[in-house]
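Dropping query_29.cif in here (mmCIF, C-alpha atoms and all ligand atoms):
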data_data
loop_
_atom_site.group_PDB
_atom_site.id
_atom_site.type_symbol
_atom_site.label_atom_id
_atom_site.label_comp_id
_atom_site.auth_asym_id
_atom_site.auth_seq_id
_atom_site.Cartn_x
_atom_site.Cartn_y
_atom_site.Cartn_z
ATOM 1 C CA MET A 1 0.000 0.000 0.000
ATOM 2 C CA SER A 2 1.349 3.451 -0.914
ATOM 3 C CA LYS A 3 1.976 5.827 1.988
ATOM 4 C CA VAL A 4 0.162 8.948 0.793
ATOM 5 C CA CYS A 5 -1.613 10.915 3.522
ATOM 6 C CA ALA A 6 -3.983 13.864 3.163
ATOM 7 C CA VAL A 7 -3.955 16.031 6.286
ATOM 8 C CA PHE A 8 -6.891 18.434 6.376
ATOM 9 C CA GLY A 9 -6.189 21.341 8.732
ATOM 10 C CA GLY A 10 -2.485 20.581 8.298
ATOM 11 C CA SER A 11 -1.334 24.196 8.096
ATOM 12 C CA ARG A 12 -1.120 24.717 11.854
ATOM 13 C CA GLY A 13 -1.853 23.297 15.300
ATOM 14 C CA ILE A 14 -2.558 19.596 15.683
ATOM 15 C CA GLY A 15 -2.732 18.954 11.912
ATOM 16 C CA LYS A 16 0.693 20.512 11.414
ATOM 17 C CA ALA A 17 2.205 18.354 14.164
ATOM 18 C CA VAL A 18 0.661 15.257 12.544
ATOM 19 C CA ALA A 19 2.035 16.263 9.132
ATOM 20 C CA LYS A 20 5.486 16.789 10.663
ATOM 21 C CA LEU A 21 5.554 13.340 12.249
ATOM 22 C CA LEU A 22 4.285 11.627 9.098
ATOM 23 C CA VAL A 23 6.942 13.339 6.939
ATOM 24 C CA GLN A 24 9.552 12.056 9.409
ATOM 25 C CA LYS A 25 8.036 8.585 8.975
ATOM 26 C CA ASP A 26 8.459 8.804 5.181
ATOM 27 C CA TYR A 27 4.820 9.324 4.261
ATOM 28 C CA LYS A 28 4.073 11.479 1.230
ATOM 29 C CA VAL A 29 2.011 14.201 2.881
ATOM 30 C CA ALA A 30 -0.471 16.649 1.346
ATOM 31 C CA ILE A 31 -1.271 19.619 3.570
ATOM 32 C CA LEU A 32 -4.725 21.104 3.075
ATOM 33 C CA SER A 33 -6.321 24.227 4.503
ATOM 34 C CA ARG A 34 -8.339 27.180 3.241
ATOM 35 C CA ASN A 35 -5.292 29.437 3.301
ATOM 36 C CA LEU A 36 -2.908 28.328 0.527
ATOM 37 C CA GLU A 37 -0.120 30.615 1.676
ATOM 38 C CA ALA A 38 -0.156 29.101 5.165
ATOM 39 C CA ALA A 39 -0.409 25.532 3.834
ATOM 40 C CA SER A 40 2.482 26.129 1.424
ATOM 41 C CA ALA A 41 4.676 27.697 4.115
ATOM 42 C CA THR A 42 4.023 24.732 6.407
ATOM 43 C CA ALA A 43 4.712 22.224 3.615
ATOM 44 C CA GLU A 44 8.006 23.939 2.859
ATOM 45 C CA GLU A 45 8.993 24.058 6.521
ATOM 46 C CA LEU A 46 8.216 20.361 7.065
ATOM 47 C CA GLY A 47 9.366 19.005 3.704
ATOM 48 C CA ALA A 48 5.847 17.815 2.856
ATOM 49 C CA HIS A 49 5.155 16.871 -0.747
ATOM 50 C CA LEU A 50 2.141 19.023 -1.550
ATOM 51 C CA ALA A 51 0.078 21.965 -0.289
ATOM 52 C CA LEU A 52 -3.374 22.854 -1.602
ATOM 53 C CA ASN A 53 -6.169 25.144 -0.515
ATOM 54 C CA CYS A 54 -9.403 23.362 0.181
ATOM 55 C CA ASN A 55 -12.465 24.342 2.149
ATOM 56 C CA ILE A 56 -13.543 21.069 3.737
ATOM 57 C CA THR A 57 -17.197 22.145 3.718
ATOM 58 C CA LYS A 58 -17.384 22.285 -0.100
ATOM 59 C CA GLU A 59 -17.877 18.825 -1.549
ATOM 60 C CA GLN A 60 -16.750 19.763 -5.072
ATOM 61 C CA GLU A 61 -13.578 21.404 -3.724
ATOM 62 C CA VAL A 62 -12.840 18.250 -1.729
ATOM 63 C CA GLN A 63 -13.291 16.115 -4.859
ATOM 64 C CA ASN A 64 -11.007 18.392 -6.900
ATOM 65 C CA THR A 65 -8.425 18.350 -4.133
ATOM 66 C CA PHE A 66 -8.286 14.558 -4.029
ATOM 67 C CA GLN A 67 -7.951 14.437 -7.828
ATOM 68 C CA GLU A 68 -5.009 16.822 -7.590
ATOM 69 C CA ILE A 69 -3.353 14.807 -4.809
ATOM 70 C CA VAL A 70 -3.705 11.581 -6.805
ATOM 71 C CA ARG A 71 -2.272 13.297 -9.909
ATOM 72 C CA SER A 72 0.648 14.814 -8.004
ATOM 73 C CA ILE A 73 1.728 12.243 -5.403
ATOM 74 C CA GLY A 74 -0.452 9.148 -5.793
ATOM 75 C CA HIS A 75 -3.551 7.452 -4.400
ATOM 76 C CA VAL A 76 -4.548 8.566 -0.911
ATOM 77 C CA THR A 77 -4.379 5.631 1.479
ATOM 78 C CA TYR A 78 -4.232 7.612 4.719
ATOM 79 C CA LEU A 79 -6.502 10.466 5.763
ATOM 80 C CA VAL A 80 -6.367 12.711 8.826
ATOM 81 C CA ASN A 81 -9.234 15.127 9.472
ATOM 82 C CA ALA A 82 -7.817 17.834 11.745
ATOM 83 C CA ALA A 83 -9.676 20.836 10.305
ATOM 84 C CA GLY A 84 -11.957 22.306 12.929
ATOM 85 C CA ILE A 85 -13.429 25.489 14.357
ATOM 86 C CA ASN A 86 -15.165 26.538 17.554
ATOM 87 C CA ARG A 87 -17.672 29.324 18.126
ATOM 88 C CA ASP A 88 -18.179 29.065 21.860
ATOM 89 C CA GLY A 89 -21.157 30.639 23.596
ATOM 90 C CA LEU A 90 -24.385 29.858 25.372
ATOM 91 C CA LEU A 91 -26.911 28.306 22.983
ATOM 92 C CA MET A 92 -29.509 31.011 23.580
ATOM 93 C CA ARG A 93 -27.031 33.587 22.269
ATOM 94 C CA THR A 94 -25.545 31.535 19.425
ATOM 95 C CA LYS A 95 -26.292 32.790 15.935
ATOM 96 C CA THR A 96 -27.649 30.318 13.397
ATOM 97 C CA GLU A 97 -24.631 30.955 11.158
ATOM 98 C CA ASP A 98 -22.306 29.896 13.989
ATOM 99 C CA ILE A 99 -24.349 26.738 14.583
ATOM 100 C CA LEU A 100 -24.183 25.829 10.908
ATOM 101 C CA SER A 101 -20.506 26.692 10.438
ATOM 102 C CA GLN A 102 -19.385 24.464 13.334
ATOM 103 C CA LEU A 103 -21.496 21.558 12.109
ATOM 104 C CA SER A 104 -20.280 22.022 8.549
ATOM 105 C CA VAL A 105 -16.551 22.247 9.278
ATOM 106 C CA ASN A 106 -16.347 19.741 12.143
ATOM 107 C CA LEU A 107 -18.853 17.115 10.978
ATOM 108 C CA ILE A 108 -19.996 17.526 7.360
ATOM 109 C CA GLY A 109 -16.438 18.349 6.226
ATOM 110 C CA PRO A 110 -14.920 15.058 7.453
ATOM 111 C CA ILE A 111 -17.923 13.214 5.972
ATOM 112 C CA HIS A 112 -17.037 14.729 2.560
ATOM 113 C CA THR A 113 -13.325 13.878 2.838
ATOM 114 C CA CYS A 114 -13.961 10.314 4.043
ATOM 115 C CA LYS A 115 -16.474 9.693 1.251
ATOM 116 C CA VAL A 116 -14.052 10.844 -1.434
ATOM 117 C CA ALA A 117 -10.973 9.180 0.138
ATOM 118 C CA LEU A 118 -12.732 5.815 0.245
ATOM 119 C CA ARG A 119 -12.635 5.613 -3.575
ATOM 120 C CA SER A 120 -8.830 5.757 -3.520
ATOM 121 C CA MET A 121 -8.605 3.389 -0.571
ATOM 122 C CA VAL A 122 -10.909 0.778 -2.107
ATOM 123 C CA GLN A 123 -8.836 0.912 -5.277
ATOM 124 C CA GLN A 124 -5.646 0.438 -3.208
ATOM 125 C CA GLN A 125 -7.326 -2.379 -1.236
ATOM 126 C CA GLY A 126 -6.796 -0.712 2.092
ATOM 127 C CA GLY A 127 -6.435 2.491 4.032
ATOM 128 C CA ALA A 128 -6.700 4.204 7.385
ATOM 129 C CA ILE A 129 -8.581 7.286 8.544
ATOM 130 C CA VAL A 130 -8.180 9.236 11.777
ATOM 131 C CA ASN A 131 -10.764 11.875 12.620
ATOM 132 C CA ILE A 132 -9.975 14.393 15.357
ATOM 133 C CA GLY A 133 -12.861 14.539 17.823
ATOM 134 C CA SER A 134 -12.732 16.097 21.276
ATOM 135 C CA VAL A 135 -13.076 15.007 24.860
ATOM 136 C CA VAL A 136 -15.791 17.674 25.058
ATOM 137 C CA GLY A 137 -17.878 15.468 22.747
ATOM 138 C CA HIS A 138 -18.605 12.815 25.352
ATOM 139 C CA LYS A 139 -18.098 14.915 28.499
ATOM 140 C CA GLY A 140 -20.134 17.934 27.371
ATOM 141 C CA ASN A 141 -19.192 21.513 28.242
ATOM 142 C CA ALA A 142 -21.347 24.559 28.978
ATOM 143 C CA GLY A 143 -20.877 27.069 26.166
ATOM 144 C CA GLN A 144 -19.867 24.389 23.685
ATOM 145 C CA SER A 145 -23.130 22.582 22.963
ATOM 146 C CA ILE A 146 -22.809 22.816 19.167
ATOM 147 C CA TYR A 147 -19.069 22.102 19.098
ATOM 148 C CA SER A 148 -19.699 19.128 21.377
ATOM 149 C CA ALA A 149 -22.543 17.883 19.143
ATOM 150 C CA SER A 150 -20.312 18.129 16.067
ATOM 151 C CA LYS A 151 -17.534 16.168 17.751
ATOM 152 C CA GLU A 152 -19.714 13.405 19.198
ATOM 153 C CA GLY A 153 -21.497 13.213 15.838
ATOM 154 C CA LEU A 154 -18.083 12.558 14.342
ATOM 155 C CA VAL A 155 -17.597 9.628 16.726
ATOM 156 C CA GLY A 156 -20.920 8.025 15.692
ATOM 157 C CA PHE A 157 -20.058 8.590 12.057
ATOM 158 C CA SER A 158 -16.557 7.107 12.459
ATOM 159 C CA LYS A 159 -17.751 3.992 14.303
ATOM 160 C CA SER A 160 -20.464 3.329 11.727
ATOM 161 C CA LEU A 161 -18.071 3.872 8.842
ATOM 162 C CA ALA A 162 -15.536 1.585 10.511
ATOM 163 C CA LYS A 163 -18.113 -1.220 10.400
ATOM 164 C CA GLU A 164 -19.087 -0.350 6.837
ATOM 165 C CA VAL A 165 -15.588 -0.496 5.333
ATOM 166 C CA ALA A 166 -13.756 -3.033 7.505
ATOM 167 C CA ARG A 167 -14.213 -5.742 4.880
ATOM 168 C CA LYS A 168 -12.373 -3.497 2.430
ATOM 169 C CA ASN A 169 -9.361 -3.435 4.782
ATOM 170 C CA ILE A 170 -10.046 0.203 5.635
ATOM 171 C CA ARG A 171 -9.916 1.335 9.265
ATOM 172 C CA VAL A 172 -11.539 4.394 10.843
ATOM 173 C CA ASN A 173 -10.581 5.715 14.270
ATOM 174 C CA VAL A 174 -10.897 8.884 16.337
ATOM 175 C CA VAL A 175 -8.418 10.769 18.497
ATOM 176 C CA ALA A 176 -10.190 12.849 21.143
ATOM 177 C CA PRO A 177 -7.867 15.507 22.577
ATOM 178 C CA GLY A 178 -8.418 17.520 25.723
ATOM 179 C CA PHE A 179 -6.937 21.037 26.007
ATOM 180 C CA ILE A 180 -4.002 21.390 23.600
ATOM 181 C CA HIS A 181 -1.805 24.472 23.058
ATOM 182 C CA THR A 182 -2.837 25.776 19.612
ATOM 183 C CA ASP A 183 -4.424 28.888 18.109
ATOM 184 C CA MET A 184 -7.822 27.433 19.046
ATOM 185 C CA THR A 185 -7.062 27.595 22.773
ATOM 186 C CA SER A 186 -4.841 30.690 22.796
ATOM 187 C CA SER A 187 -7.408 32.898 24.525
ATOM 188 C CA LEU A 188 -8.220 30.431 27.331
ATOM 189 C CA ASP A 189 -7.048 30.861 30.930
ATOM 190 C CA LYS A 190 -4.506 28.033 31.050
ATOM 191 C CA ASP A 191 -3.655 28.281 34.743
ATOM 192 C CA LEU A 192 -7.305 28.139 35.735
ATOM 193 C CA LEU A 193 -8.249 25.272 33.411
ATOM 194 C CA SER A 194 -5.122 23.258 34.205
ATOM 195 C CA ARG A 195 -6.286 22.950 37.823
ATOM 196 C CA ASN A 196 -8.934 20.509 36.614
ATOM 197 C CA ILE A 197 -6.511 18.397 34.554
ATOM 198 C CA PRO A 198 -4.887 15.515 36.494
ATOM 199 C CA LEU A 199 -1.585 16.069 34.648
ATOM 200 C CA SER A 200 -1.928 19.786 35.557
ATOM 201 C CA ARG A 201 -1.141 21.188 32.111
ATOM 202 C CA PHE A 202 -2.394 21.619 28.563
ATOM 203 C CA GLY A 203 -1.056 19.105 26.049
ATOM 204 C CA GLU A 204 1.171 19.848 23.067
ATOM 205 C CA ALA A 205 0.162 19.199 19.468
ATOM 206 C CA GLU A 206 3.131 16.820 19.123
ATOM 207 C CA GLU A 207 1.682 14.695 21.931
ATOM 208 C CA VAL A 208 -1.529 14.289 19.941
ATOM 209 C CA SER A 209 0.369 13.499 16.741
ATOM 210 C CA HIS A 210 1.811 10.295 18.238
ATOM 211 C CA ALA A 211 -1.699 9.020 19.013
ATOM 212 C CA VAL A 212 -2.774 9.762 15.430
ATOM 213 C CA ALA A 213 0.237 7.937 13.969
ATOM 214 C CA PHE A 214 -0.404 4.988 16.314
ATOM 215 C CA LEU A 215 -3.945 4.597 14.986
ATOM 216 C CA LEU A 216 -2.894 5.047 11.356
ATOM 217 C CA GLU A 217 -0.363 2.258 11.813
ATOM 218 C CA SER A 218 -2.221 -0.249 14.017
ATOM 219 C CA PRO A 219 -3.627 -2.834 11.596
ATOM 220 C CA TYR A 220 -6.035 -4.470 14.085
ATOM 221 C CA VAL A 221 -7.563 -1.319 15.588
ATOM 222 C CA THR A 222 -10.735 0.152 14.130
ATOM 223 C CA GLY A 223 -13.760 2.023 15.474
ATOM 224 C CA HIS A 224 -11.703 3.178 18.464
ATOM 225 C CA VAL A 225 -11.692 6.530 20.259
ATOM 226 C CA LEU A 226 -8.280 7.292 21.738
ATOM 227 C CA VAL A 227 -8.476 10.031 24.360
ATOM 228 C CA VAL A 228 -5.401 12.267 24.735
ATOM 229 C CA ASP A 229 -6.339 14.677 27.520
ATOM 230 C CA GLY A 230 -3.954 14.465 30.485
ATOM 231 C CA GLY A 231 -6.696 12.652 32.408
ATOM 232 C CA LEU A 232 -9.350 15.363 32.007
ATOM 233 C CA GLN A 233 -12.109 12.867 31.235
ATOM 234 C CA LEU A 234 -11.507 11.193 34.616
ATOM 235 C CA GLN A 235 -12.784 14.283 36.422
ATOM 236 C CA ILE A 236 -16.383 14.310 37.611
HETATM 237 P P1 LIG B 1 -6.217 25.347 14.830
HETATM 238 O O1 LIG B 1 -7.190 26.457 14.892
HETATM 239 O O2 LIG B 1 -4.830 25.546 15.303
HETATM 240 O O3 LIG B 1 -6.132 24.791 13.312
HETATM 241 C C1 LIG B 1 -7.285 24.520 12.606
HETATM 242 C C2 LIG B 1 -6.925 24.036 11.230
HETATM 243 O O4 LIG B 1 -8.136 23.765 10.510
HETATM 244 C C3 LIG B 1 -6.153 25.054 10.408
HETATM 245 O O5 LIG B 1 -5.220 24.390 9.587
HETATM 246 C C4 LIG B 1 -7.244 25.700 9.560
HETATM 247 O O6 LIG B 1 -6.679 26.270 8.401
HETATM 248 C C5 LIG B 1 -8.116 24.466 9.263
HETATM 249 N N1 LIG B 1 -9.481 24.792 8.863
HETATM 250 C C6 LIG B 1 -10.410 25.504 9.550
HETATM 251 N N2 LIG B 1 -11.541 25.589 8.855
HETATM 252 C C7 LIG B 1 -11.346 24.897 7.696
HETATM 253 C C8 LIG B 1 -12.139 24.630 6.551
HETATM 254 N N3 LIG B 1 -13.399 25.079 6.429
HETATM 255 N N4 LIG B 1 -11.604 23.879 5.556
HETATM 256 C C9 LIG B 1 -10.335 23.413 5.649
HETATM 257 N N5 LIG B 1 -9.538 23.647 6.694
HETATM 258 C C10 LIG B 1 -10.030 24.400 7.704
HETATM 259 O O7 LIG B 1 -6.937 24.147 15.585
HETATM 260 P P2 LIG B 1 -6.334 22.896 16.387
HETATM 261 O O8 LIG B 1 -5.094 22.426 15.751
HETATM 262 O O9 LIG B 1 -6.364 23.226 17.806
HETATM 263 O O10 LIG B 1 -7.498 21.836 16.135
HETATM 264 C C11 LIG B 1 -7.368 20.724 15.263
HETATM 265 C C12 LIG B 1 -8.556 19.814 15.504
HETATM 266 O O11 LIG B 1 -8.491 19.322 16.833
HETATM 267 C C13 LIG B 1 -9.910 20.489 15.358
HETATM 268 O O12 LIG B 1 -10.825 19.601 14.794
HETATM 269 C C14 LIG B 1 -10.292 20.801 16.786
HETATM 270 O O13 LIG B 1 -11.691 20.874 16.922
HETATM 271 C C15 LIG B 1 -9.711 19.595 17.490
HETATM 272 N N6 LIG B 1 -9.469 19.775 18.910
HETATM 273 C C16 LIG B 1 -8.614 20.754 19.349
HETATM 274 C C17 LIG B 1 -8.385 20.885 20.702
HETATM 275 C C18 LIG B 1 -7.457 21.913 21.270
HETATM 276 O O14 LIG B 1 -7.409 22.044 22.490
HETATM 277 N N7 LIG B 1 -6.695 22.634 20.471
HETATM 278 C C19 LIG B 1 -9.074 20.032 21.691
HETATM 279 C C20 LIG B 1 -9.918 19.016 21.106
HETATM 280 C C21 LIG B 1 -10.101 18.919 19.767
HETATM 281 P P3 LIG B 1 -7.391 27.523 7.618
HETATM 282 O O15 LIG B 1 -7.926 28.449 8.651
HETATM 283 O O16 LIG B 1 -6.328 28.096 6.742
HETATM 284 O O17 LIG B 1 -8.460 26.886 6.800
#

Encoding of this model in structure tokens:
Amino acid sequence: MSKVCAVFGGSRGIGKAVAKLLVQKDYKVAILSRNLEAASATAEELGAHLALNCNITKEQEVQNTFQEIVRSIGHVTYLVNAAGINRDGLLMRTKTEDILSQLSVNLIGPIHTCKVALRSMVQQQGGAIVNIGSVVGHKGNAGQSIYSASKEGLVGFSKSLAKEVARKNIRVNVVAPGFIHTDMTSSLDKDLLSRNIPLSRFGEAEEVSHAVAFLLESPYVTGHVLVVDGGLQLQI
């Protein structure tokens, strides 16, 4: 099986750390994000093979992107969905556009990329997908009802898809991070929130990347949710 991996949301944060590790492991990596300049700069910095702009919410753009990856570096046999957004706030005050944007980027987007990637994977007689969920999905968090719904929706989707494609030698897993140092969490009060984390600190994107690589490379693991949260989910 070829080692071509598409990393959506690979321009920064967790996706970038995943792309970095996979390049080190000799994967051919395509870095995808809406901002081509950022994706290209990251690809150059990491020595990744390809950078393209793609809005994960647009099905046609996703299809075109996969065609371009196949043309440039080969059939996609590995897929990491790390694109994501949050629009935190109490539900009563959340605008409809913010509800829809979170559901479209965090849930519909990965559904598009998985659907298109499966064609390549079936043709290559195997593949592996890791979707990035969140510990907030199964724990819940006030002010994150929509984000949480999108992430737990992604778990249901991933488990069902895992059953659907297992016979094709394609595996689907989820990594559910807790609080990780990235742009997404830059405005949070780290000292305050860390008090509730058994390991007493936010995680680093690199620490999540190892969990992603583990699931990509574990041939007998599918339909699993691997939590990487410093013990946060253990708290009542
Ligand atoms: P960042 O904000 O650092 O990075 C988000 C990435 O997603 C960027 O590459 C961004 O690029 C891309 N992206 C956003 N919207 C789209 C879109 N519509 N189409 C394509 N790409 C898009 O986030 P993190 O690295 O922190 O998060 C990565 C994933 O991990 C997300 O799914 C997030 O929900 C999840 N997560 C993060 C946690 C954390 O504490 N950081 C905790 C739990 C889960 P661009 O803007 O150029 O499109």

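You will find CA of Gln125 in chain A at 20.3 Å from CA of Phe214 in chain A.
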
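The closest residue to Arg201 in chain A, picked from A:Leu232, A:Val70, A:Val175, A:Ile108 and counting all atoms listed in the file, is A:Leu232.
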
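Across the structure, CA of Val105 in chain A and CA of Tyr220 in chain A are spaced 29.1 Å apart.
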
Convert the output of the PyMOL selection byres (((chain A and resi 75) around 9) and not hetatm) on the shown file into explicit residues, formatted as a compact mmCIF listing (two decimals) with C-alpha atoms, in the frame of the given file.
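Full text of part.txt as output:
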# COMPACT_ATOMS: atom_id res chain seq x y z
CA SER A 2 1.35 3.45 -0.91
CA LYS A 3 1.98 5.83 1.99
CA VAL A 4 0.16 8.95 0.79
CA CYS A 5 -1.61 10.92 3.52
CA PHE A 66 -8.29 14.56 -4.03
CA GLN A 67 -7.95 14.44 -7.83
CA ILE A 69 -3.35 14.81 -4.81
CA VAL A 70 -3.70 11.58 -6.80
CA ARG A 71 -2.27 13.30 -9.91
CA ILE A 73 1.73 12.24 -5.40
CA GLY A 74 -0.45 9.15 -5.79
CA VAL A 76 -4.55 8.57 -0.91
CA THR A 77 -4.38 5.63 1.48
CA ALA A 117 -10.97 9.18 0.14
CA SER A 120 -8.83 5.76 -3.52
CA MET A 121 -8.60 3.39 -0.57
CA GLN A 123 -8.84 0.91 -5.28
CA GLN A 124 -5.65 0.44 -3.21

Quick one: contact table of chain A to ligand LIG 1 (chain B), 6 Å max, nearest atom pair and distance in Å to one decimal per residue, counting only C-alpha atoms and all ligand atoms, chain and number order, as CSV?
residue,atom,partner,partner_atom,distance
A:Phe8,CA,B:LIG1,N5,5.9
A:Gly9,CA,B:LIG1,O5,3.3
A:Gly10,CA,B:LIG1,O5,4.9
A:Ser11,CA,B:LIG1,O5,4.2
A:Arg12,CA,B:LIG1,O5,4.7
A:Gly13,CA,B:LIG1,O8,3.4
A:Ile14,CA,B:LIG1,O8,3.8
A:Gly15,CA,B:LIG1,O8,5.7
A:Ser33,CA,B:LIG1,N5,3.9
A:Arg34,CA,B:LIG1,O17,3.6
A:Asn35,CA,B:LIG1,O16,3.8
A:Cys54,CA,B:LIG1,C9,5.5
A:Asn55,CA,B:LIG1,N4,3.5
A:Ile56,CA,B:LIG1,N4,3.9
A:Thr57,CA,B:LIG1,N3,5.5
A:Ala82,CA,B:LIG1,C12,4.3
A:Ala83,CA,B:LIG1,O4,3.3
A:Gly84,CA,B:LIG1,O12,3.5
A:Ile85,CA,B:LIG1,O13,5.6
A:Val105,CA,B:LIG1,N3,5.1
A:Ile132,CA,B:LIG1,O12,5.3
A:Gly133,CA,B:LIG1,C21,5.5
A:Ser134,CA,B:LIG1,C20,4.1
A:Pro177,CA,B:LIG1,C20,4.3
A:Gly178,CA,B:LIG1,C19,4.8
A:Phe179,CA,B:LIG1,O14,3.7
A:Ile180,CA,B:LIG1,O14,3.6
A:His181,CA,B:LIG1,N7,5.8
A:Thr182,CA,B:LIG1,O9,4.7
A:Asp183,CA,B:LIG1,O2,4.4
A:Met184,CA,B:LIG1,O1,4.3
A:Thr185,CA,B:LIG1,N7,5.5
